[in-house]
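K.L.:
Structure in structure tokens, see below.
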Amino acid sequence: MSGTKLPELQDRLVILGSKGGPAIRPGGPSPTSSLLEIGGRRCVIDCGLGVTRGLVEAGIVLKQLDLVFITHMHSDHVLELGPLLHTAWTTGLSSTVKVYGPADLMEYWDGFLASMRYDIDLRIEDEGRPDLRELVEIHLLKEGEVALEDGTLGVRAFKVDHPPVVDCFALRFETEDWSVVFSADTTYFPPLADFAKGCDLLVHEAMLSRGVDKIVEITGNGDRLRQHLLASHTMAPDVAKIAEEAGAGRLVLNHLIPADLPGFEHAEWIEATKAFSGETIVGHDGLTITRKQSQ
């Protein structure tokens, strides 16, 4: 059943999708999604395109899906939520999955169920499956509230600044042994350092100034896209400031802008975050960090 402790799990973070934005390119990384196994729970954080395949390749049995968290409703964070849950259902899911996210999450889920009504009803009748609509619980994240507290794992949400999105939440996952913070998408937001204070692992979005110019050139959206990126995301040097102020144990750069363009190498990211005195890790699809490695 959902909520049952799974003590055999090794605490670990797996970056399933490391790029910022919804576009995909041949051989490139996938949009945002992560797996966090902590305190005997399996937590999926964001569901960009490719999350289902990423979970399978990380060794997850989809019918054992447990907790899902959506930080905000941009497509590169929520596009594959419905397909993930439906695919888990077709592989034998029979226990409740709890999904946490912002206010518009319910509208998304209702719309997905409506679009798949024919298939869901047919498989219930033809294959004897339980009703998917009764297996998913939607819980709305709220500023300052504990999202989850089950005696071993605590999850807290913190609203960050990601205009024009109103509800975008950083998440802190914490047990007695390990604490992991996800920044979600955010502009440089100093209060986030207090929320992440003392965490073992800070997973923070990051952007390179030179990369903004290149992405605008490729995409062709011109000043509108540039204005959005600069107003809504965090430059890598500012990420380092947040990590340093928080006293984070290690920093993982994620939701990279750019993530898959030639000419942007690992060393440039490390140089851009040199203000952080701890270890900086540049995220990539499949990156795995265990609790023992991050402490």
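Going through the structure tokens in order, the chains are called A, B, and so on, while each chain numbers its residues from 1 and the ligands are numbered from 1 in the order shown.
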Would you mind listing what lies within 12 Å of Lys19 (chain A) as an MDAnalysis selection string, with only C-alpha atoms counted and same-chain residues fewer than 4 positions away left out?
P.N.:
chainID A and resid 15 23:25 28:34 48:50 76:77 185 204:207 253:261 282:285
K.L.:
So which residues of region 91-227 of chain A fall under helix (DSSP H, G or I) by DSSP, listed as an MDAnalysis selection string?
P.N.:
chainID A and resid 105:115 117:127 132:134 191:195 209:219 223:227
K.L.:
Using only C-alpha atoms, find each residue in region 193-243 of chain A having at least one atom no more than 12 Å away from region 287-290 of chain A; report its shortest atom-to-atom pair and that distance in Å (one decimal), rows by chain then rising number, as CSV.
P.N.:
residue,atom,partner,partner_atom,distance
A:Asp200,CA,A:Thr290,CA,11.1
A:Leu201,CA,A:Ile289,CA,9.5
A:Leu202,CA,A:Ile289,CA,11.9
A:Val203,CA,A:Ile289,CA,11.3
K.L.:
Skip Leu192 (chain A) itself and residues of its chain fewer than 3 positions away, then list as a ChimeraX atom specification all residues within 9 Å of it, counting only C-alpha atoms.
P.N.:
/A:158-160,170,183,188-189,195-197,242,246
K.L.:
For CA of Val56 (chain A) and CA of Glu176 (chain A), determine how far apart the two atoms are, in Å to one decimal place.
P.N.:
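The value is 28.4 Å.
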K.L.:
Identify, on the basis of only C-alpha atoms, every residue whose closest approach to region 136-153 of chain A does not exceed 10 Å; exclude the query and any residue fewer than 3 positions from it along the same chain; express the result as an NGL selection string.
P.N.:
:A and (3 or 5 or 38-41 or 67-72 or 85 or 95-106 or 109 or 131-133 or 156-160 or 167-179)
